[in-house]
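Visitor: I'd like to ask you about the structure that follows.
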Amino acid sequence: MIETGATVIFLLHKVEDVNTDEMNYPTEKFISLLDYLYSKQEELNVLSWSEYASMI
């Protein structure tokens with residue numbers, strides 16, 4: 001995704017240790033995702049939802 005410049009939107013209702021719902025995300029996976037994004041921060045353009053919405 002980074003190489004193509006694609007837009008990715010993350011919608012998480014809850015991050016929790018025990019995944020009790022499809023819309024929730026396990027804490028361990030969330031931390032791994034954040035670590036990955038942090039390692040790629042120079043290649044990313046992170047926007048809030050309102051910033052993105054004003055662009056489209």
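Each chain of the structure tokens is named A, B, ... in the order shown, its residues numbered from 1; ligands are numbered from 1 in display order.
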Do you know which residues are at most 12 Å from segment 28-40 of chain A counting only C-alpha atoms, after dropping those on the same chain fewer than 2 positions away, and could you put them as a JSON list (two decimals) with all heavy atoms, in the first residue's frame?

Guide:
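Output file result-v5.json is given in full below:
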```json
[["chain", "number", "residue", "atom", "x", "y", "z"],
["A", 1, "MET", "N", 0.81, -1.19, 0.00],
["A", 1, "MET", "CA", 0.00, 0.00, 0.00],
["A", 1, "MET", "C", 0.86, 1.27, 0.00],
["A", 1, "MET", "O", 0.52, 2.21, -0.67],
["A", 1, "MET", "CB", -0.91, 0.03, 1.22],
["A", 1, "MET", "CG", -1.96, -1.01, 1.25],
["A", 1, "MET", "SD", -3.31, -0.42, 0.25],
["A", 1, "MET", "CE", -4.52, -1.61, 0.59],
["A", 2, "ILE", "N", 1.92, 1.27, 0.76],
["A", 2, "ILE", "CA", 2.76, 2.46, 0.84],
["A", 2, "ILE", "C", 3.34, 2.78, -0.53],
["A", 2, "ILE", "O", 3.35, 3.94, -0.95],
["A", 2, "ILE", "CB", 3.87, 2.28, 1.89],
["A", 2, "ILE", "CG1", 3.25, 2.20, 3.30],
["A", 2, "ILE", "CG2", 4.87, 3.41, 1.82],
["A", 2, "ILE", "CD1", 4.22, 1.84, 4.38],
["A", 3, "GLU", "N", 3.79, 1.75, -1.23],
["A", 3, "GLU", "CA", 4.42, 1.96, -2.52],
["A", 3, "GLU", "C", 3.47, 2.58, -3.54],
["A", 3, "GLU", "O", 3.89, 3.31, -4.43],
["A", 3, "GLU", "CB", 4.97, 0.63, -3.08],
["A", 3, "GLU", "CG", 6.10, 0.04, -2.27],
["A", 3, "GLU", "CD", 5.62, -0.74, -1.06],
["A", 3, "GLU", "OE1", 4.42, -1.09, -0.97],
["A", 3, "GLU", "OE2", 6.44, -1.00, -0.18],
["A", 8, "VAL", "N", -5.70, 4.32, 3.22],
["A", 8, "VAL", "CA", -6.18, 3.28, 4.11],
["A", 8, "VAL", "C", -6.88, 3.96, 5.27],
["A", 8, "VAL", "O", -6.34, 4.89, 5.88],
["A", 8, "VAL", "CB", -5.02, 2.40, 4.65],
["A", 8, "VAL", "CG1", -5.54, 1.37, 5.62],
["A", 8, "VAL", "CG2", -4.28, 1.74, 3.50],
["A", 10, "PHE", "N", -8.63, 3.22, 8.94],
["A", 10, "PHE", "CA", -8.81, 2.26, 10.03],
["A", 10, "PHE", "C", -10.01, 2.69, 10.86],
["A", 10, "PHE", "O", -10.06, 3.83, 11.33],
["A", 10, "PHE", "CB", -7.57, 2.20, 10.92],
["A", 10, "PHE", "CG", -6.35, 1.67, 10.23],
["A", 10, "PHE", "CD1", -5.38, 2.52, 9.75],
["A", 10, "PHE", "CD2", -6.19, 0.31, 10.04],
["A", 10, "PHE", "CE1", -4.25, 2.05, 9.10],
["A", 10, "PHE", "CE2", -5.08, -0.19, 9.39],
["A", 10, "PHE", "CZ", -4.10, 0.68, 8.92],
["A", 11, "LEU", "N", -10.95, 1.79, 11.04],
["A", 11, "LEU", "CA", -12.10, 2.05, 11.88],
["A", 11, "LEU", "C", -12.15, 0.96, 12.94],
["A", 11, "LEU", "O", -12.44, -0.19, 12.64],
["A", 11, "LEU", "CB", -13.40, 2.04, 11.06],
["A", 11, "LEU", "CG", -14.69, 2.14, 11.86],
["A", 11, "LEU", "CD1", -14.77, 3.48, 12.60],
["A", 11, "LEU", "CD2", -15.88, 1.97, 10.94],
["A", 12, "LEU", "N", -11.80, 1.33, 14.15],
["A", 12, "LEU", "CA", -11.77, 0.38, 15.25],
["A", 12, "LEU", "C", -12.72, 0.86, 16.33],
["A", 12, "LEU", "O", -12.62, 1.99, 16.80],
["A", 12, "LEU", "CB", -10.35, 0.27, 15.82],
["A", 12, "LEU", "CG", -9.24, -0.09, 14.83],
["A", 12, "LEU", "CD1", -7.89, 0.07, 15.48],
["A", 12, "LEU", "CD2", -9.43, -1.49, 14.30],
["A", 14, "LYS", "N", -13.11, -0.80, 19.32],
["A", 14, "LYS", "CA", -12.48, -1.00, 20.62],
["A", 14, "LYS", "C", -11.25, -1.86, 20.44],
["A", 14, "LYS", "O", -11.25, -2.81, 19.67],
["A", 14, "LYS", "CB", -13.46, -1.70, 21.57],
["A", 14, "LYS", "CG", -12.95, -1.82, 23.00],
["A", 14, "LYS", "CD", -13.87, -2.67, 23.86],
["A", 14, "LYS", "CE", -15.08, -1.90, 24.29],
["A", 14, "LYS", "NZ", -15.90, -2.66, 25.26],
["A", 15, "VAL", "N", -10.19, -1.52, 21.15],
["A", 15, "VAL", "CA", -8.99, -2.35, 21.21],
["A", 15, "VAL", "C", -8.99, -2.98, 22.59],
["A", 15, "VAL", "O", -9.08, -2.27, 23.59],
["A", 15, "VAL", "CB", -7.72, -1.50, 20.98],
["A", 15, "VAL", "CG1", -6.48, -2.35, 21.16],
["A", 15, "VAL", "CG2", -7.75, -0.85, 19.61],
["A", 16, "GLU", "N", -8.92, -4.30, 22.63],
["A", 16, "GLU", "CA", -8.98, -4.98, 23.93],
["A", 16, "GLU", "C", -8.20, -6.28, 23.90],
["A", 16, "GLU", "O", -7.97, -6.85, 22.83],
["A", 16, "GLU", "CB", -10.43, -5.23, 24.34],
["A", 16, "GLU", "CG", -11.20, -6.11, 23.38],
["A", 16, "GLU", "CD", -12.66, -6.29, 23.76],
["A", 16, "GLU", "OE1", -13.07, -5.78, 24.79],
["A", 16, "GLU", "OE2", -13.37, -6.97, 23.02],
["A", 17, "ASP", "N", -7.79, -6.74, 25.08],
["A", 17, "ASP", "CA", -7.02, -7.97, 25.19],
["A", 17, "ASP", "C", -7.83, -9.20, 24.79],
["A", 17, "ASP", "O", -7.32, -10.12, 24.18],
["A", 17, "ASP", "CB", -6.48, -8.16, 26.61],
["A", 17, "ASP", "CG", -5.39, -7.14, 26.94],
["A", 17, "ASP", "OD1", -4.75, -6.63, 26.00],
["A", 17, "ASP", "OD2", -5.21, -6.84, 28.12],
["A", 18, "VAL", "N", -9.11, -9.21, 25.14],
["A", 18, "VAL", "CA", -9.99, -10.32, 24.81],
["A", 18, "VAL", "C", -10.94, -9.84, 23.73],
["A", 18, "VAL", "O", -11.77, -8.96, 23.97],
["A", 18, "VAL", "CB", -10.78, -10.80, 26.04],
["A", 18, "VAL", "CG1", -11.72, -11.94, 25.67],
["A", 18, "VAL", "CG2", -9.84, -11.22, 27.15],
["A", 19, "ASN", "N", -10.82, -10.41, 22.53],
["A", 19, "ASN", "CA", -11.62, -9.98, 21.41],
["A", 19, "ASN", "C", -13.03, -10.57, 21.53],
["A", 19, "ASN", "O", -13.24, -11.75, 21.29],
["A", 19, "ASN", "CB", -10.97, -10.40, 20.10],
["A", 19, "ASN", "CG", -11.59, -9.71, 18.91],
["A", 19, "ASN", "OD1", -12.46, -8.88, 19.03],
["A", 19, "ASN", "ND2", -11.13, -10.08, 17.73],
["A", 24, "ASN", "N", -14.08, -5.32, 17.22],
["A", 24, "ASN", "CA", -13.00, -5.04, 18.15],
["A", 24, "ASN", "C", -11.69, -5.60, 17.60],
["A", 24, "ASN", "O", -11.69, -6.47, 16.73],
["A", 24, "ASN", "CB", -13.30, -5.64, 19.51],
["A", 24, "ASN", "CG", -14.52, -5.02, 20.15],
["A", 24, "ASN", "OD1", -15.03, -4.00, 19.71],
["A", 24, "ASN", "ND2", -15.02, -5.65, 21.19],
["A", 25, "TYR", "N", -10.59, -5.08, 18.10],
["A", 25, "TYR", "CA", -9.28, -5.48, 17.59],
["A", 25, "TYR", "C", -8.39, -5.87, 18.76],
["A", 25, "TYR", "O", -8.32, -5.15, 19.77],
["A", 25, "TYR", "CB", -8.68, -4.30, 16.82],
["A", 25, "TYR", "CG", -7.62, -4.68, 15.85],
["A", 25, "TYR", "CD1", -7.92, -5.34, 14.67],
["A", 25, "TYR", "CD2", -6.29, -4.36, 16.09],
["A", 25, "TYR", "CE1", -6.94, -5.68, 13.75],
["A", 25, "TYR", "CE2", -5.30, -4.69, 15.18],
["A", 25, "TYR", "CZ", -5.64, -5.35, 14.02],
["A", 25, "TYR", "OH", -4.66, -5.69, 13.12],
["A", 26, "PRO", "N", -7.70, -7.00, 18.68],
["A", 26, "PRO", "CA", -6.84, -7.44, 19.79],
["A", 26, "PRO", "C", -5.69, -6.46, 20.05],
["A", 26, "PRO", "O", -5.05, -5.96, 19.12],
["A", 26, "PRO", "CB", -6.29, -8.79, 19.29],
["A", 26, "PRO", "CG", -7.21, -9.21, 18.20],
["A", 26, "PRO", "CD", -7.73, -7.96, 17.58],
["A", 42, "GLU", "N", 8.14, 8.07, 7.93],
["A", 42, "GLU", "CA", 8.67, 9.00, 6.94],
["A", 42, "GLU", "C", 7.98, 8.84, 5.58],
["A", 42, "GLU", "O", 8.03, 9.73, 4.74],
["A", 42, "GLU", "CB", 10.18, 8.84, 6.79],
["A", 42, "GLU", "CG", 10.95, 9.16, 8.06],
["A", 42, "GLU", "CD", 10.77, 10.60, 8.52],
["A", 42, "GLU", "OE1", 10.73, 11.49, 7.66],
["A", 42, "GLU", "OE2", 10.68, 10.81, 9.74],
["A", 43, "GLU", "N", 7.35, 7.69, 5.36],
["A", 43, "GLU", "CA", 6.70, 7.40, 4.09],
["A", 43, "GLU", "C", 5.18, 7.62, 4.14],
["A", 43, "GLU", "O", 4.51, 7.42, 3.14],
["A", 43, "GLU", "CB", 6.96, 5.93, 3.71],
["A", 43, "GLU", "CG", 8.43, 5.60, 3.59],
["A", 43, "GLU", "CD", 8.65, 4.11, 3.44],
["A", 43, "GLU", "OE1", 8.11, 3.55, 2.47],
["A", 43, "GLU", "OE2", 9.35, 3.52, 4.27],
["A", 44, "LEU", "N", 4.66, 8.00, 5.29],
["A", 44, "LEU", "CA", 3.21, 8.10, 5.48],
["A", 44, "LEU", "C", 2.74, 9.53, 5.62],
["A", 44, "LEU", "O", 3.46, 10.39, 6.13],
["A", 44, "LEU", "CB", 2.80, 7.33, 6.74],
["A", 44, "LEU", "CG", 3.15, 5.85, 6.80],
["A", 44, "LEU", "CD1", 2.80, 5.30, 8.17],
["A", 44, "LEU", "CD2", 2.43, 5.09, 5.71],
["A", 45, "ASN", "N", 1.53, 9.76, 5.20],
["A", 45, "ASN", "CA", 0.85, 11.03, 5.43],
["A", 45, "ASN", "C", -0.38, 10.71, 6.27],
["A", 45, "ASN", "O", -1.38, 10.22, 5.75],
["A", 45, "ASN", "CB", 0.45, 11.67, 4.10],
["A", 45, "ASN", "CG", -0.16, 13.04, 4.28],
["A", 45, "ASN", "OD1", -0.02, 13.65, 5.33],
["A", 45, "ASN", "ND2", -0.85, 13.51, 3.26],
["A", 46, "VAL", "N", -0.30, 10.93, 7.56],
["A", 46, "VAL", "CA", -1.37, 10.58, 8.49],
["A", 46, "VAL", "C", -2.30, 11.77, 8.66],
["A", 46, "VAL", "O", -1.84, 12.88, 8.97],
["A", 46, "VAL", "CB", -0.80, 10.13, 9.85],
["A", 46, "VAL", "CG1", -1.92, 9.80, 10.82],
["A", 46, "VAL", "CG2", 0.14, 8.95, 9.67]]
```

Visitor: Once DSSP has gone over the backbone, tell me which residues of chain A are in helix (DSSP H, G or I), as a PyMOL selection string.

Guide: chain A and resi 27-39+41-43+49-55

Visitor: Write the selection just made, keeping N, CA, C and O atoms, as a PDB file, in the first residue's frame?

Guide:
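To be explicit, this is the file written out as selection.pdb:
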```pdb
ATOM      1  N   THR A  27      -5.434  -6.214  21.303  1.00  0.00           N
ATOM      2  CA  THR A  27      -4.391  -5.272  21.714  1.00  0.00           C
ATOM      3  C   THR A  27      -3.040  -5.618  21.103  1.00  0.00           C
ATOM      4  O   THR A  27      -2.336  -4.737  20.601  1.00  0.00           O
ATOM      5  N   GLU A  28      -2.672  -6.885  21.134  1.00  0.00           N
ATOM      6  CA  GLU A  28      -1.358  -7.304  20.626  1.00  0.00           C
ATOM      7  C   GLU A  28      -1.205  -6.964  19.137  1.00  0.00           C
ATOM      8  O   GLU A  28      -0.165  -6.470  18.705  1.00  0.00           O
ATOM      9  N   LYS A  29      -2.245  -7.212  18.351  1.00  0.00           N
ATOM     10  CA  LYS A  29      -2.185  -6.888  16.920  1.00  0.00           C
ATOM     11  C   LYS A  29      -2.159  -5.374  16.708  1.00  0.00           C
ATOM     12  O   LYS A  29      -1.506  -4.878  15.793  1.00  0.00           O
ATOM     13  N   PHE A  30      -2.872  -4.632  17.532  1.00  0.00           N
ATOM     14  CA  PHE A  30      -2.890  -3.177  17.419  1.00  0.00           C
ATOM     15  C   PHE A  30      -1.500  -2.606  17.688  1.00  0.00           C
ATOM     16  O   PHE A  30      -1.019  -1.733  16.956  1.00  0.00           O
ATOM     17  N   ILE A  31      -0.838  -3.114  18.698  1.00  0.00           N
ATOM     18  CA  ILE A  31       0.523  -2.666  19.015  1.00  0.00           C
ATOM     19  C   ILE A  31       1.465  -2.990  17.857  1.00  0.00           C
ATOM     20  O   ILE A  31       2.302  -2.161  17.483  1.00  0.00           O
ATOM     21  N   SER A  32       1.315  -4.163  17.262  1.00  0.00           N
ATOM     22  CA  SER A  32       2.143  -4.529  16.106  1.00  0.00           C
ATOM     23  C   SER A  32       1.895  -3.587  14.934  1.00  0.00           C
ATOM     24  O   SER A  32       2.838  -3.172  14.249  1.00  0.00           O
ATOM     25  N   LEU A  33       0.640  -3.244  14.702  1.00  0.00           N
ATOM     26  CA  LEU A  33       0.292  -2.299  13.646  1.00  0.00           C
ATOM     27  C   LEU A  33       0.928  -0.935  13.906  1.00  0.00           C
ATOM     28  O   LEU A  33       1.526  -0.334  13.016  1.00  0.00           O
ATOM     29  N   LEU A  34       0.832  -0.457  15.135  1.00  0.00           N
ATOM     30  CA  LEU A  34       1.432   0.838  15.483  1.00  0.00           C
ATOM     31  C   LEU A  34       2.949   0.813  15.320  1.00  0.00           C
ATOM     32  O   LEU A  34       3.539   1.779  14.821  1.00  0.00           O
ATOM     33  N   ASP A  35       3.575  -0.281  15.728  1.00  0.00           N
ATOM     34  CA  ASP A  35       5.022  -0.414  15.564  1.00  0.00           C
ATOM     35  C   ASP A  35       5.405  -0.345  14.092  1.00  0.00           C
ATOM     36  O   ASP A  35       6.378   0.320  13.714  1.00  0.00           O
ATOM     37  N   TYR A  36       4.633  -1.032  13.240  1.00  0.00           N
ATOM     38  CA  TYR A  36       4.907  -1.011  11.802  1.00  0.00           C
ATOM     39  C   TYR A  36       4.739   0.397  11.244  1.00  0.00           C
ATOM     40  O   TYR A  36       5.597   0.890  10.509  1.00  0.00           O
ATOM     41  N   LEU A  37       3.636   1.039  11.585  1.00  0.00           N
ATOM     42  CA  LEU A  37       3.393   2.399  11.092  1.00  0.00           C
ATOM     43  C   LEU A  37       4.472   3.359  11.569  1.00  0.00           C
ATOM     44  O   LEU A  37       4.925   4.229  10.821  1.00  0.00           O
ATOM     45  N   TYR A  38       4.907   3.213  12.808  1.00  0.00           N
ATOM     46  CA  TYR A  38       5.969   4.059  13.341  1.00  0.00           C
ATOM     47  C   TYR A  38       7.260   3.871  12.543  1.00  0.00           C
ATOM     48  O   TYR A  38       7.954   4.846  12.231  1.00  0.00           O
ATOM     49  N   SER A  39       7.548   2.614  12.165  1.00  0.00           N
ATOM     50  CA  SER A  39       8.774   2.347  11.410  1.00  0.00           C
ATOM     51  C   SER A  39       8.710   2.930   9.996  1.00  0.00           C
ATOM     52  O   SER A  39       9.737   3.131   9.365  1.00  0.00           O
ATOM     53  N   GLN A  41       6.999   5.876   9.293  1.00  0.00           N
ATOM     54  CA  GLN A  41       6.430   7.221   9.429  1.00  0.00           C
ATOM     55  C   GLN A  41       6.933   8.232   8.412  1.00  0.00           C
ATOM     56  O   GLN A  41       6.198   9.137   8.020  1.00  0.00           O
ATOM     57  N   GLU A  42       8.141   8.071   7.929  1.00  0.00           N
ATOM     58  CA  GLU A  42       8.666   9.004   6.937  1.00  0.00           C
ATOM     59  C   GLU A  42       7.984   8.838   5.576  1.00  0.00           C
ATOM     60  O   GLU A  42       8.031   9.732   4.743  1.00  0.00           O
ATOM     61  N   GLU A  43       7.352   7.692   5.365  1.00  0.00           N
ATOM     62  CA  GLU A  43       6.696   7.399   4.092  1.00  0.00           C
ATOM     63  C   GLU A  43       5.182   7.620   4.139  1.00  0.00           C
ATOM     64  O   GLU A  43       4.507   7.420   3.136  1.00  0.00           O
ATOM     65  N   TRP A  49      -9.772  12.152  10.382  1.00  0.00           N
ATOM     66  CA  TRP A  49     -10.921  11.972   9.498  1.00  0.00           C
ATOM     67  C   TRP A  49     -11.373  13.312   8.928  1.00  0.00           C
ATOM     68  O   TRP A  49     -11.663  13.416   7.744  1.00  0.00           O
ATOM     69  N   SER A  50     -11.430  14.357   9.744  1.00  0.00           N
ATOM     70  CA  SER A  50     -11.893  15.665   9.245  1.00  0.00           C
ATOM     71  C   SER A  50     -10.922  16.232   8.213  1.00  0.00           C
ATOM     72  O   SER A  50     -11.352  16.855   7.248  1.00  0.00           O
ATOM     73  N   GLU A  51      -9.620  16.037   8.401  1.00  0.00           N
ATOM     74  CA  GLU A  51      -8.657  16.491   7.404  1.00  0.00           C
ATOM     75  C   GLU A  51      -8.860  15.757   6.082  1.00  0.00           C
ATOM     76  O   GLU A  51      -8.859  16.364   5.018  1.00  0.00           O
ATOM     77  N   TYR A  52      -9.048  14.446   6.167  1.00  0.00           N
ATOM     78  CA  TYR A  52      -9.261  13.662   4.951  1.00  0.00           C
ATOM     79  C   TYR A  52     -10.570  14.067   4.263  1.00  0.00           C
ATOM     80  O   TYR A  52     -10.603  14.235   3.056  1.00  0.00           O
ATOM     81  N   ALA A  53     -11.621  14.218   5.042  1.00  0.00           N
ATOM     82  CA  ALA A  53     -12.930  14.563   4.482  1.00  0.00           C
ATOM     83  C   ALA A  53     -12.886  15.901   3.751  1.00  0.00           C
ATOM     84  O   ALA A  53     -13.573  16.090   2.744  1.00  0.00           O
ATOM     85  N   SER A  54     -12.089  16.836   4.219  1.00  0.00           N
ATOM     86  CA  SER A  54     -12.006  18.134   3.559  1.00  0.00           C
ATOM     87  C   SER A  54     -11.262  18.059   2.226  1.00  0.00           C
ATOM     88  O   SER A  54     -11.360  18.974   1.398  1.00  0.00           O
ATOM     89  N   MET A  55     -10.521  16.970   2.003  1.00  0.00           N
ATOM     90  CA  MET A  55      -9.765  16.800   0.772  1.00  0.00           C
ATOM     91  C   MET A  55     -10.569  16.115  -0.335  1.00  0.00           C
ATOM     92  O   MET A  55     -10.246  16.254  -1.498  1.00  0.00           O
TER      93      MET A  55
END
```

Visitor: What residues in chain A get the DSSP label strand (DSSP E)? Please answer as number ranges by chain.

Guide: A: 14-16, 24-26

Visitor: Go ahead and save the picked residues with N, CA and C atoms, as a tab-separated table (two decimals), in the first residue's frame.

Guide:
```
chain	number	residue	atom	x	y	z
A	14	LYS	N	-13.11	-0.80	19.32
A	14	LYS	CA	-12.48	-1.00	20.62
A	14	LYS	C	-11.25	-1.86	20.44
A	15	VAL	N	-10.19	-1.52	21.15
A	15	VAL	CA	-8.99	-2.35	21.21
A	15	VAL	C	-8.99	-2.98	22.59
A	16	GLU	N	-8.92	-4.30	22.63
A	16	GLU	CA	-8.98	-4.98	23.93
A	16	GLU	C	-8.20	-6.28	23.90
A	24	ASN	N	-14.08	-5.32	17.22
A	24	ASN	CA	-13.00	-5.04	18.15
A	24	ASN	C	-11.69	-5.60	17.60
A	25	TYR	N	-10.59	-5.08	18.10
A	25	TYR	CA	-9.28	-5.48	17.59
A	25	TYR	C	-8.39	-5.87	18.76
A	26	PRO	N	-7.70	-7.00	18.68
A	26	PRO	CA	-6.84	-7.44	19.79
A	26	PRO	C	-5.69	-6.46	20.05
```
